[in-house]
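J.: One structure is given below, represented as structure tokens, and several questions about it will come after.
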Amino acid sequence: MSEPLIVLSGVTRTFGTGAAAFQALRGVDLTIEEGEFVAIMGPSGSGKSSMMNILGCLDTPSGGSYRFRGLRVEDLNRDQRALLRRHALGFVFQGFNLLARTSAQENVELPLLYRGETVEARHDAARAALAAVGLEGWGHHSPAELSGGQQQRVAIARALVTNPSLLLADEPTGNLDTERSREIMDLLVALNRDKGITVVMVTHESDMAAYARRIVRLVDGKVESDIRNAAPAGVVPGAH
């Protein structure tokens, strides 16, 4: 048996001290295998953001353990966690977070610039990533020249350009209308199915969570339910 991609064991996260302390996560146990598509849901204050920050190596647990492919993330220093983010993780945010005065291609190339890749390698990888999200030929456009759905596709291409093992999507359809939301979810399903990228998505929208193969619900910092979705939306019957 191969090592799970993610194992959270008794993870807690406390902010503040003494009487002002707030426990955002209260002993979370969660295992995610390679190639899964998991939606994390829950009401405001349930711990979704704290869990996403820990999974993305942007924060560390106050207690418990987070293993990424067997590596104890809490034992890494800040620079080591940054290297893990740079080489294994991709992030997609609700607000797109694109640089306004640069082209779509330059936005997608940015993670490779931080890696020190050559100009030619950056160009080739960015063009391939844009093509993978259906934006071939759109690389010269600025974010202002793109629709909201296209901007989110650029953001997904930027997350994919490093060939991450894990794609973390935080409310990826929160700023989109229904039709564009469905397009983005279909894209995430296709990337998960066809490229084997593990997707973990935080959402408060049940119709978006319905695209995932597994739905984890957090309440008051604990896993309340963890269910398999037998018939995910957007999945062609018989597709693997």
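Each chain in the structure tokens gets a letter, A, B, ..., in the order shown, and its residues are numbered from 1; ligands are numbered from 1 in order too.
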Set the distance at 9 Å and use only C-alpha atoms: which residues neighbour Val216 (chain A) once local chain neighbours fewer than 4 positions away are removed? I'd like the list as a PyMOL selection string.
T.: chain A and resi 38-42+223-228
J.: Export all heavy atoms of the chosen residues as an mmCIF file, in the first residue's frame?
T.:
```cif
data_model
loop_
_atom_site.group_PDB
_atom_site.id
_atom_site.type_symbol
_atom_site.label_atom_id
_atom_site.label_comp_id
_atom_site.auth_asym_id
_atom_site.auth_seq_id
_atom_site.Cartn_x
_atom_site.Cartn_y
_atom_site.Cartn_z
ATOM 1 N N VAL A 38 -11.871 16.119 -2.779
ATOM 2 C CA VAL A 38 -12.542 16.263 -1.492
ATOM 3 C C VAL A 38 -13.048 17.692 -1.334
ATOM 4 O O VAL A 38 -12.295 18.649 -1.545
ATOM 5 C CB VAL A 38 -11.590 15.917 -0.326
ATOM 6 C CG1 VAL A 38 -12.305 16.062 1.012
ATOM 7 C CG2 VAL A 38 -11.024 14.508 -0.483
ATOM 8 N N ALA A 39 -14.315 17.832 -0.976
ATOM 9 C CA ALA A 39 -14.878 19.136 -0.631
ATOM 10 C C ALA A 39 -14.969 19.235 0.885
ATOM 11 O O ALA A 39 -15.420 18.295 1.548
ATOM 12 C CB ALA A 39 -16.259 19.306 -1.253
ATOM 13 N N ILE A 40 -14.527 20.362 1.420
ATOM 14 C CA ILE A 40 -14.634 20.626 2.855
ATOM 15 C C ILE A 40 -15.679 21.710 3.043
ATOM 16 O O ILE A 40 -15.551 22.813 2.504
ATOM 17 C CB ILE A 40 -13.285 21.052 3.451
ATOM 18 C CG1 ILE A 40 -12.263 19.914 3.304
ATOM 19 C CG2 ILE A 40 -13.437 21.437 4.919
ATOM 20 C CD1 ILE A 40 -10.868 20.269 3.744
ATOM 21 N N MET A 41 -16.729 21.383 3.795
ATOM 22 C CA MET A 41 -17.832 22.306 4.021
ATOM 23 C C MET A 41 -17.983 22.587 5.513
ATOM 24 O O MET A 41 -17.411 21.891 6.344
ATOM 25 C CB MET A 41 -19.140 21.721 3.464
ATOM 26 C CG MET A 41 -19.145 21.438 1.987
ATOM 27 S SD MET A 41 -20.819 21.052 1.419
ATOM 28 C CE MET A 41 -21.593 22.683 1.554
ATOM 29 N N GLY A 42 -18.793 23.588 5.808
ATOM 30 C CA GLY A 42 -19.086 23.912 7.196
ATOM 31 C C GLY A 42 -19.503 25.355 7.331
ATOM 32 O O GLY A 42 -19.166 26.191 6.484
ATOM 33 N N VAL A 223 -14.616 17.163 12.708
ATOM 34 C CA VAL A 223 -15.240 16.524 11.559
ATOM 35 C C VAL A 223 -16.570 15.937 12.001
ATOM 36 O O VAL A 223 -16.608 14.980 12.783
ATOM 37 C CB VAL A 223 -14.341 15.421 10.970
ATOM 38 C CG1 VAL A 223 -15.072 14.686 9.840
ATOM 39 C CG2 VAL A 223 -13.036 16.014 10.445
ATOM 40 N N GLU A 224 -17.661 16.520 11.513
ATOM 41 C CA GLU A 224 -18.991 16.029 11.860
ATOM 42 C C GLU A 224 -19.398 14.854 10.978
ATOM 43 O O GLU A 224 -20.023 13.897 11.434
ATOM 44 C CB GLU A 224 -20.028 17.148 11.726
ATOM 45 C CG GLU A 224 -21.434 16.719 12.114
ATOM 46 C CD GLU A 224 -22.483 17.748 11.745
ATOM 47 O OE1 GLU A 224 -22.619 18.047 10.545
ATOM 48 O OE2 GLU A 224 -23.157 18.246 12.657
ATOM 49 N N SER A 225 -19.027 14.934 9.679
ATOM 50 C CA SER A 225 -19.356 13.841 8.760
ATOM 51 C C SER A 225 -18.321 13.781 7.649
ATOM 52 O O SER A 225 -17.663 14.770 7.335
ATOM 53 C CB SER A 225 -20.758 14.026 8.169
ATOM 54 O OG SER A 225 -20.831 15.223 7.406
ATOM 55 N N ASP A 226 -18.185 12.603 7.076
ATOM 56 C CA ASP A 226 -17.225 12.358 5.998
ATOM 57 C C ASP A 226 -17.862 11.295 5.111
ATOM 58 O O ASP A 226 -17.861 10.117 5.453
ATOM 59 C CB ASP A 226 -15.896 11.872 6.589
ATOM 60 C CG ASP A 226 -14.813 11.662 5.535
ATOM 61 O OD1 ASP A 226 -15.143 11.673 4.329
ATOM 62 O OD2 ASP A 226 -13.639 11.475 5.925
ATOM 63 N N ILE A 227 -18.441 11.735 3.993
ATOM 64 C CA ILE A 227 -19.232 10.811 3.185
ATOM 65 C C ILE A 227 -18.708 10.732 1.750
ATOM 66 O O ILE A 227 -18.159 11.701 1.219
ATOM 67 C CB ILE A 227 -20.728 11.200 3.162
ATOM 68 C CG1 ILE A 227 -20.915 12.587 2.534
ATOM 69 C CG2 ILE A 227 -21.323 11.157 4.554
ATOM 70 C CD1 ILE A 227 -22.358 12.966 2.287
ATOM 71 N N ARG A 228 -18.857 9.578 1.152
ATOM 72 C CA ARG A 228 -18.546 9.389 -0.258
ATOM 73 C C ARG A 228 -19.728 9.844 -1.092
ATOM 74 O O ARG A 228 -20.881 9.570 -0.755
ATOM 75 C CB ARG A 228 -18.258 7.911 -0.540
ATOM 76 C CG ARG A 228 -17.061 7.365 0.202
ATOM 77 C CD ARG A 228 -15.766 7.818 -0.419
ATOM 78 N NE ARG A 228 -14.609 7.428 0.386
ATOM 79 C CZ ARG A 228 -13.368 7.720 0.077
ATOM 80 N NH1 ARG A 228 -13.121 8.420 -1.025
ATOM 81 N NH2 ARG A 228 -12.359 7.359 0.841
#
```
J.: Near region 141-156 of chain A, counting only C-alpha atoms, which residues have an atom at most 7 Å away, once you skip same-chain residues fewer than 5 positions from it, shown as number ranges by chain?
T.: A: 92, 96, 98, 100-104, 108, 130, 133, 176, 180
J.: Go ahead and save the residues from that selection, with C-alpha atoms, as a compact mmCIF listing (two decimals), in the first residue's frame.
T.:
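Final output, part.txt:
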```txt
# COMPACT_ATOMS: atom_id res chain seq x y z
CA VAL A 92 -6.68 28.74 -6.23
CA PHE A 96 -8.24 35.15 -8.40
CA LEU A 98 -3.89 37.99 -10.48
CA ALA A 100 -3.44 43.47 -12.87
CA ARG A 101 -0.68 45.03 -14.99
CA THR A 102 0.77 41.81 -16.36
CA SER A 103 -0.48 39.44 -19.03
CA ALA A 104 -2.19 36.12 -18.37
CA VAL A 108 0.99 31.92 -14.93
CA LEU A 130 -3.13 27.89 -20.31
CA VAL A 133 -7.54 25.19 -18.92
CA LEU A 176 -18.66 33.76 -10.32
CA ARG A 180 -19.15 30.24 -14.95
```
J.: Can you measure CA of Gly45 (chain A) to CA of Val11 (chain A) for me? One decimal in Å is fine.
T.: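 Separation between CA of Gly45 (chain A) and CA of Val11 (chain A): 16.3 Å.
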J.: Taking only region 20-163 of chain A into account, list the residues labelled strand (DSSP E) by DSSP (computed from the backbone), as an mmCIF file with all heavy atoms, in the first residue's frame.
T.:
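Below you can see result-v3.cif, which holds the result:
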```cif
data_model
loop_
_atom_site.group_PDB
_atom_site.id
_atom_site.type_symbol
_atom_site.label_atom_id
_atom_site.label_comp_id
_atom_site.auth_asym_id
_atom_site.auth_seq_id
_atom_site.Cartn_x
_atom_site.Cartn_y
_atom_site.Cartn_z
ATOM 1 N N PHE A 22 -8.927 30.864 21.474
ATOM 2 C CA PHE A 22 -10.006 30.316 20.635
ATOM 3 C C PHE A 22 -9.482 29.087 19.919
ATOM 4 O O PHE A 22 -8.462 29.145 19.243
ATOM 5 C CB PHE A 22 -10.486 31.345 19.610
ATOM 6 C CG PHE A 22 -11.416 30.772 18.580
ATOM 7 C CD1 PHE A 22 -12.705 30.376 18.922
ATOM 8 C CD2 PHE A 22 -10.994 30.595 17.263
ATOM 9 C CE1 PHE A 22 -13.557 29.821 17.975
ATOM 10 C CE2 PHE A 22 -11.844 30.051 16.307
ATOM 11 C CZ PHE A 22 -13.127 29.663 16.666
ATOM 12 N N GLN A 23 -10.170 27.975 20.089
ATOM 13 C CA GLN A 23 -9.736 26.721 19.470
ATOM 14 C C GLN A 23 -10.485 26.536 18.157
ATOM 15 O O GLN A 23 -11.655 26.144 18.137
ATOM 16 C CB GLN A 23 -9.974 25.541 20.407
ATOM 17 C CG GLN A 23 -9.145 24.329 20.026
ATOM 18 C CD GLN A 23 -9.104 23.284 21.124
ATOM 19 O OE1 GLN A 23 -9.882 23.319 22.061
ATOM 20 N NE2 GLN A 23 -8.185 22.325 20.992
ATOM 21 N N ALA A 24 -9.792 26.802 17.055
ATOM 22 C CA ALA A 24 -10.414 26.722 15.729
ATOM 23 C C ALA A 24 -10.564 25.282 15.263
ATOM 24 O O ALA A 24 -11.530 24.936 14.579
ATOM 25 C CB ALA A 24 -9.599 27.525 14.720
ATOM 26 N N LEU A 25 -9.576 24.432 15.595
ATOM 27 C CA LEU A 25 -9.639 23.006 15.272
ATOM 28 C C LEU A 25 -9.474 22.227 16.564
ATOM 29 O O LEU A 25 -8.587 22.522 17.369
ATOM 30 C CB LEU A 25 -8.549 22.621 14.265
ATOM 31 C CG LEU A 25 -8.644 23.276 12.881
ATOM 32 C CD1 LEU A 25 -7.430 22.912 12.033
ATOM 33 C CD2 LEU A 25 -9.937 22.895 12.165
ATOM 34 N N ARG A 26 -10.313 21.191 16.720
ATOM 35 C CA ARG A 26 -10.382 20.484 18.005
ATOM 36 C C ARG A 26 -10.155 18.985 17.836
ATOM 37 O O ARG A 26 -11.032 18.179 18.124
ATOM 38 C CB ARG A 26 -11.753 20.723 18.650
ATOM 39 C CG ARG A 26 -12.096 22.186 18.889
ATOM 40 C CD ARG A 26 -13.573 22.351 19.230
ATOM 41 N NE ARG A 26 -13.934 23.734 19.439
ATOM 42 C CZ ARG A 26 -14.038 24.314 20.635
ATOM 43 N NH1 ARG A 26 -13.819 23.604 21.731
ATOM 44 N NH2 ARG A 26 -14.372 25.583 20.738
ATOM 45 N N GLY A 27 -9.006 18.609 17.336
ATOM 46 C CA GLY A 27 -8.687 17.199 17.207
ATOM 47 C C GLY A 27 -9.208 16.586 15.923
ATOM 48 O O GLY A 27 -10.002 15.642 15.947
ATOM 49 N N VAL A 28 -8.739 17.103 14.791
ATOM 50 C CA VAL A 28 -9.208 16.639 13.480
ATOM 51 C C VAL A 28 -8.373 15.444 13.013
ATOM 52 O O VAL A 28 -7.144 15.507 12.987
ATOM 53 C CB VAL A 28 -9.132 17.775 12.437
ATOM 54 C CG1 VAL A 28 -9.407 17.239 11.034
ATOM 55 C CG2 VAL A 28 -10.121 18.879 12.789
ATOM 56 N N ASP A 29 -9.073 14.370 12.668
ATOM 57 C CA ASP A 29 -8.455 13.205 12.030
ATOM 58 C C ASP A 29 -8.976 13.125 10.602
ATOM 59 O O ASP A 29 -10.186 13.084 10.384
ATOM 60 C CB ASP A 29 -8.816 11.911 12.769
ATOM 61 C CG ASP A 29 -8.265 11.872 14.186
ATOM 62 O OD1 ASP A 29 -7.118 12.292 14.394
ATOM 63 O OD2 ASP A 29 -9.005 11.429 15.084
ATOM 64 N N LEU A 30 -8.071 13.109 9.628
ATOM 65 C CA LEU A 30 -8.493 13.078 8.224
ATOM 66 C C LEU A 30 -7.378 12.483 7.376
ATOM 67 O O LEU A 30 -6.223 12.879 7.493
ATOM 68 C CB LEU A 30 -8.804 14.496 7.732
ATOM 69 C CG LEU A 30 -9.328 14.634 6.301
ATOM 70 C CD1 LEU A 30 -10.713 14.020 6.170
ATOM 71 C CD2 LEU A 30 -9.350 16.097 5.875
ATOM 72 N N THR A 31 -7.736 11.522 6.533
ATOM 73 C CA THR A 31 -6.795 10.935 5.591
ATOM 74 C C THR A 31 -7.298 11.164 4.172
ATOM 75 O O THR A 31 -8.473 10.930 3.881
ATOM 76 C CB THR A 31 -6.628 9.419 5.840
ATOM 77 O OG1 THR A 31 -6.089 9.215 7.155
ATOM 78 C CG2 THR A 31 -5.688 8.802 4.810
ATOM 79 N N ILE A 32 -6.416 11.662 3.300
ATOM 80 C CA ILE A 32 -6.758 11.896 1.901
ATOM 81 C C ILE A 32 -5.741 11.163 1.046
ATOM 82 O O ILE A 32 -4.532 11.364 1.177
ATOM 83 C CB ILE A 32 -6.758 13.405 1.578
ATOM 84 C CG1 ILE A 32 -7.830 14.127 2.408
ATOM 85 C CG2 ILE A 32 -7.001 13.637 0.076
ATOM 86 C CD1 ILE A 32 -7.821 15.645 2.258
ATOM 87 N N PHE A 37 -10.826 13.793 -4.829
ATOM 88 C CA PHE A 37 -11.418 15.128 -4.941
ATOM 89 C C PHE A 37 -12.321 15.286 -3.719
ATOM 90 O O PHE A 37 -13.375 14.656 -3.631
ATOM 91 C CB PHE A 37 -12.211 15.263 -6.232
ATOM 92 C CG PHE A 37 -12.703 16.663 -6.539
ATOM 93 C CD1 PHE A 37 -12.999 17.028 -7.844
ATOM 94 C CD2 PHE A 37 -12.873 17.619 -5.550
ATOM 95 C CE1 PHE A 37 -13.446 18.310 -8.149
ATOM 96 C CE2 PHE A 37 -13.314 18.899 -5.826
ATOM 97 C CZ PHE A 37 -13.605 19.249 -7.137
ATOM 98 N N VAL A 38 -11.871 16.119 -2.779
ATOM 99 C CA VAL A 38 -12.542 16.263 -1.492
ATOM 100 C C VAL A 38 -13.048 17.692 -1.334
ATOM 101 O O VAL A 38 -12.295 18.649 -1.545
ATOM 102 C CB VAL A 38 -11.590 15.917 -0.326
ATOM 103 C CG1 VAL A 38 -12.305 16.062 1.012
ATOM 104 C CG2 VAL A 38 -11.024 14.508 -0.483
ATOM 105 N N ALA A 39 -14.315 17.832 -0.976
ATOM 106 C CA ALA A 39 -14.878 19.136 -0.631
ATOM 107 C C ALA A 39 -14.969 19.235 0.885
ATOM 108 O O ALA A 39 -15.420 18.295 1.548
ATOM 109 C CB ALA A 39 -16.259 19.306 -1.253
ATOM 110 N N ILE A 40 -14.527 20.362 1.420
ATOM 111 C CA ILE A 40 -14.634 20.626 2.855
ATOM 112 C C ILE A 40 -15.679 21.710 3.043
ATOM 113 O O ILE A 40 -15.551 22.813 2.504
ATOM 114 C CB ILE A 40 -13.285 21.052 3.451
ATOM 115 C CG1 ILE A 40 -12.263 19.914 3.304
ATOM 116 C CG2 ILE A 40 -13.437 21.437 4.919
ATOM 117 C CD1 ILE A 40 -10.868 20.269 3.744
ATOM 118 N N MET A 41 -16.729 21.383 3.795
ATOM 119 C CA MET A 41 -17.832 22.306 4.021
ATOM 120 C C MET A 41 -17.983 22.587 5.513
ATOM 121 O O MET A 41 -17.411 21.891 6.344
ATOM 122 C CB MET A 41 -19.140 21.721 3.464
ATOM 123 C CG MET A 41 -19.145 21.438 1.987
ATOM 124 S SD MET A 41 -20.819 21.052 1.419
ATOM 125 C CE MET A 41 -21.593 22.683 1.554
ATOM 126 N N GLY A 63 -1.367 21.380 17.931
ATOM 127 C CA GLY A 63 -1.172 20.034 18.461
ATOM 128 C C GLY A 63 -1.546 19.019 17.405
ATOM 129 O O GLY A 63 -2.189 19.340 16.409
ATOM 130 N N GLY A 64 -1.127 17.774 17.620
ATOM 131 C CA GLY A 64 -1.401 16.736 16.636
ATOM 132 C C GLY A 64 -0.351 16.734 15.535
ATOM 133 O O GLY A 64 0.687 17.400 15.635
ATOM 134 N N SER A 65 -0.633 16.010 14.475
ATOM 135 C CA SER A 65 0.356 15.816 13.418
ATOM 136 C C SER A 65 -0.267 15.956 12.035
ATOM 137 O O SER A 65 -1.396 15.530 11.809
ATOM 138 C CB SER A 65 0.975 14.406 13.542
ATOM 139 O OG SER A 65 1.825 14.132 12.452
ATOM 140 N N TYR A 66 0.503 16.574 11.119
ATOM 141 C CA TYR A 66 0.147 16.648 9.702
ATOM 142 C C TYR A 66 1.268 15.995 8.914
ATOM 143 O O TYR A 66 2.405 16.474 8.910
ATOM 144 C CB TYR A 66 -0.041 18.115 9.284
ATOM 145 C CG TYR A 66 -0.190 18.346 7.782
ATOM 146 C CD1 TYR A 66 -0.634 17.347 6.924
ATOM 147 C CD2 TYR A 66 0.095 19.588 7.225
ATOM 148 C CE1 TYR A 66 -0.766 17.568 5.553
ATOM 149 C CE2 TYR A 66 -0.053 19.825 5.862
ATOM 150 C CZ TYR A 66 -0.471 18.804 5.027
ATOM 151 O OH TYR A 66 -0.610 19.018 3.684
ATOM 152 N N ARG A 67 0.951 14.879 8.257
ATOM 153 C CA ARG A 67 1.919 14.194 7.413
ATOM 154 C C ARG A 67 1.542 14.374 5.944
ATOM 155 O O ARG A 67 0.399 14.121 5.572
ATOM 156 C CB ARG A 67 1.980 12.706 7.757
ATOM 157 C CG ARG A 67 2.560 12.404 9.128
ATOM 158 C CD ARG A 67 2.585 10.908 9.412
ATOM 159 N NE ARG A 67 3.105 10.615 10.736
ATOM 160 C CZ ARG A 67 4.391 10.392 11.010
ATOM 161 N NH1 ARG A 67 5.281 10.430 10.029
ATOM 162 N NH2 ARG A 67 4.781 10.136 12.228
ATOM 163 N N PHE A 68 2.493 14.819 5.163
ATOM 164 C CA PHE A 68 2.326 14.947 3.715
ATOM 165 C C PHE A 68 3.268 13.943 3.076
ATOM 166 O O PHE A 68 4.478 14.083 3.160
ATOM 167 C CB PHE A 68 2.656 16.374 3.250
ATOM 168 C CG PHE A 68 2.359 16.624 1.799
ATOM 169 C CD1 PHE A 68 1.118 17.080 1.407
ATOM 170 C CD2 PHE A 68 3.324 16.378 0.821
ATOM 171 C CE1 PHE A 68 0.832 17.299 0.070
ATOM 172 C CE2 PHE A 68 3.056 16.595 -0.510
ATOM 173 C CZ PHE A 68 1.802 17.060 -0.899
ATOM 174 N N LEU A 71 5.839 12.794 5.423
ATOM 175 C CA LEU A 71 6.704 13.831 5.989
ATOM 176 C C LEU A 71 5.941 14.624 7.048
ATOM 177 O O LEU A 71 4.846 15.122 6.788
ATOM 178 C CB LEU A 71 7.168 14.765 4.868
ATOM 179 C CG LEU A 71 8.153 15.865 5.226
ATOM 180 C CD1 LEU A 71 9.517 15.276 5.545
ATOM 181 C CD2 LEU A 71 8.271 16.849 4.056
ATOM 182 N N ARG A 72 6.508 14.717 8.245
ATOM 183 C CA ARG A 72 5.853 15.468 9.320
ATOM 184 C C ARG A 72 6.049 16.973 9.070
ATOM 185 O O ARG A 72 7.131 17.508 9.306
ATOM 186 C CB ARG A 72 6.426 15.078 10.681
ATOM 187 C CG ARG A 72 5.991 13.697 11.166
ATOM 188 C CD ARG A 72 6.666 13.344 12.492
ATOM 189 N NE ARG A 72 6.329 14.320 13.529
ATOM 190 C CZ ARG A 72 5.305 14.184 14.383
ATOM 191 N NH1 ARG A 72 4.535 13.114 14.330
ATOM 192 N NH2 ARG A 72 5.061 15.099 15.294
ATOM 193 N N LEU A 89 2.460 21.965 -4.048
ATOM 194 C CA LEU A 89 1.120 22.498 -3.819
ATOM 195 C C LEU A 89 0.770 23.576 -4.838
ATOM 196 O O LEU A 89 1.622 24.350 -5.271
ATOM 197 C CB LEU A 89 1.005 23.099 -2.411
ATOM 198 C CG LEU A 89 1.457 22.218 -1.247
ATOM 199 C CD1 LEU A 89 1.285 22.972 0.066
ATOM 200 C CD2 LEU A 89 0.683 20.910 -1.211
ATOM 201 N N GLY A 90 -0.514 23.627 -5.205
ATOM 202 C CA GLY A 90 -1.046 24.706 -6.031
ATOM 203 C C GLY A 90 -2.249 25.305 -5.333
ATOM 204 O O GLY A 90 -3.020 24.583 -4.680
ATOM 205 N N PHE A 91 -2.414 26.619 -5.448
ATOM 206 C CA PHE A 91 -3.480 27.321 -4.732
ATOM 207 C C PHE A 91 -4.382 28.073 -5.711
ATOM 208 O O PHE A 91 -3.893 28.740 -6.627
ATOM 209 C CB PHE A 91 -2.887 28.337 -3.745
ATOM 210 C CG PHE A 91 -2.062 27.727 -2.640
ATOM 211 C CD1 PHE A 91 -0.710 27.474 -2.831
ATOM 212 C CD2 PHE A 91 -2.634 27.402 -1.429
ATOM 213 C CE1 PHE A 91 0.064 26.912 -1.837
ATOM 214 C CE2 PHE A 91 -1.878 26.837 -0.411
ATOM 215 C CZ PHE A 91 -0.526 26.591 -0.610
ATOM 216 N N VAL A 92 -5.693 27.966 -5.478
ATOM 217 C CA VAL A 92 -6.682 28.738 -6.231
ATOM 218 C C VAL A 92 -7.574 29.434 -5.219
ATOM 219 O O VAL A 92 -8.117 28.787 -4.315
ATOM 220 C CB VAL A 92 -7.533 27.832 -7.146
ATOM 221 C CG1 VAL A 92 -8.563 28.669 -7.904
ATOM 222 C CG2 VAL A 92 -6.654 27.068 -8.120
ATOM 223 N N PHE A 93 -7.728 30.760 -5.372
ATOM 224 C CA PHE A 93 -8.466 31.548 -4.393
ATOM 225 C C PHE A 93 -9.741 32.129 -5.003
ATOM 226 O O PHE A 93 -9.863 32.279 -6.222
ATOM 227 C CB PHE A 93 -7.593 32.691 -3.865
ATOM 228 C CG PHE A 93 -6.304 32.237 -3.243
ATOM 229 C CD1 PHE A 93 -5.126 32.251 -3.970
ATOM 230 C CD2 PHE A 93 -6.270 31.787 -1.941
ATOM 231 C CE1 PHE A 93 -3.932 31.829 -3.412
ATOM 232 C CE2 PHE A 93 -5.075 31.359 -1.359
ATOM 233 C CZ PHE A 93 -3.907 31.385 -2.100
#
```
J.: Ranking A:Arg182, A:Arg13, A:Ala21, A:Ala128 by minimum distance to Ser46 (chain A) and counting only C-alpha atoms, which one comes first?
T.: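 Closest to Ser46 (chain A), using only C-alpha atoms: A:Arg13.
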J.: Tell me which protein, DNA and RNA residues are within 12 Å of Leu84 (chain A), counting only C-alpha atoms, leaving out same-chain ones fewer than 5 positions away, and put them as a PyMOL selection string.
T.: chain A and resi 55-58+68-69+71-73+76-79+89-90+115+162+164-166
J.: Please write the residues from the selection above to a file, keeping C-alpha atoms, as a PDB file, in the first residue's frame.
T.:
```pdb
ATOM      1  CA  LEU A  55      -2.991  21.744   4.547  1.00  0.00           C
ATOM      2  CA  GLY A  56      -1.330  24.466   2.452  1.00  0.00           C
ATOM      3  CA  CYS A  57       1.651  24.723   4.834  1.00  0.00           C
ATOM      4  CA  LEU A  58       0.760  28.361   5.507  1.00  0.00           C
ATOM      5  CA  PHE A  68       2.326  14.947   3.715  1.00  0.00           C
ATOM      6  CA  ARG A  69       3.483  11.765   1.949  1.00  0.00           C
ATOM      7  CA  LEU A  71       6.704  13.831   5.989  1.00  0.00           C
ATOM      8  CA  ARG A  72       5.853  15.468   9.320  1.00  0.00           C
ATOM      9  CA  VAL A  73       5.094  19.018   8.196  1.00  0.00           C
ATOM     10  CA  LEU A  76       9.785  21.581   9.002  1.00  0.00           C
ATOM     11  CA  ASN A  77      11.100  25.110   9.393  1.00  0.00           C
ATOM     12  CA  ARG A  78       9.639  28.084   7.518  1.00  0.00           C
ATOM     13  CA  ASP A  79      11.987  27.734   4.541  1.00  0.00           C
ATOM     14  CA  LEU A  89       1.120  22.498  -3.819  1.00  0.00           C
ATOM     15  CA  GLY A  90      -1.046  24.706  -6.031  1.00  0.00           C
ATOM     16  CA  ARG A 115      11.832  28.615  -8.839  1.00  0.00           C
ATOM     17  CA  THR A 162       4.381  23.658 -11.275  1.00  0.00           C
ATOM     18  CA  PRO A 164       1.552  20.086  -8.092  1.00  0.00           C
ATOM     19  CA  SER A 165       0.535  16.919  -6.289  1.00  0.00           C
ATOM     20  CA  LEU A 166      -2.214  18.791  -4.431  1.00  0.00           C
TER      21      LEU A 166
END
```
J.: As a PyMOL selection string, please: every residue in region 11-188 of chain A that DSSP puts in alpha helix (DSSP H).
T.: chain A and resi 48-55+78-88+104-115+119-132+148-160+178-188
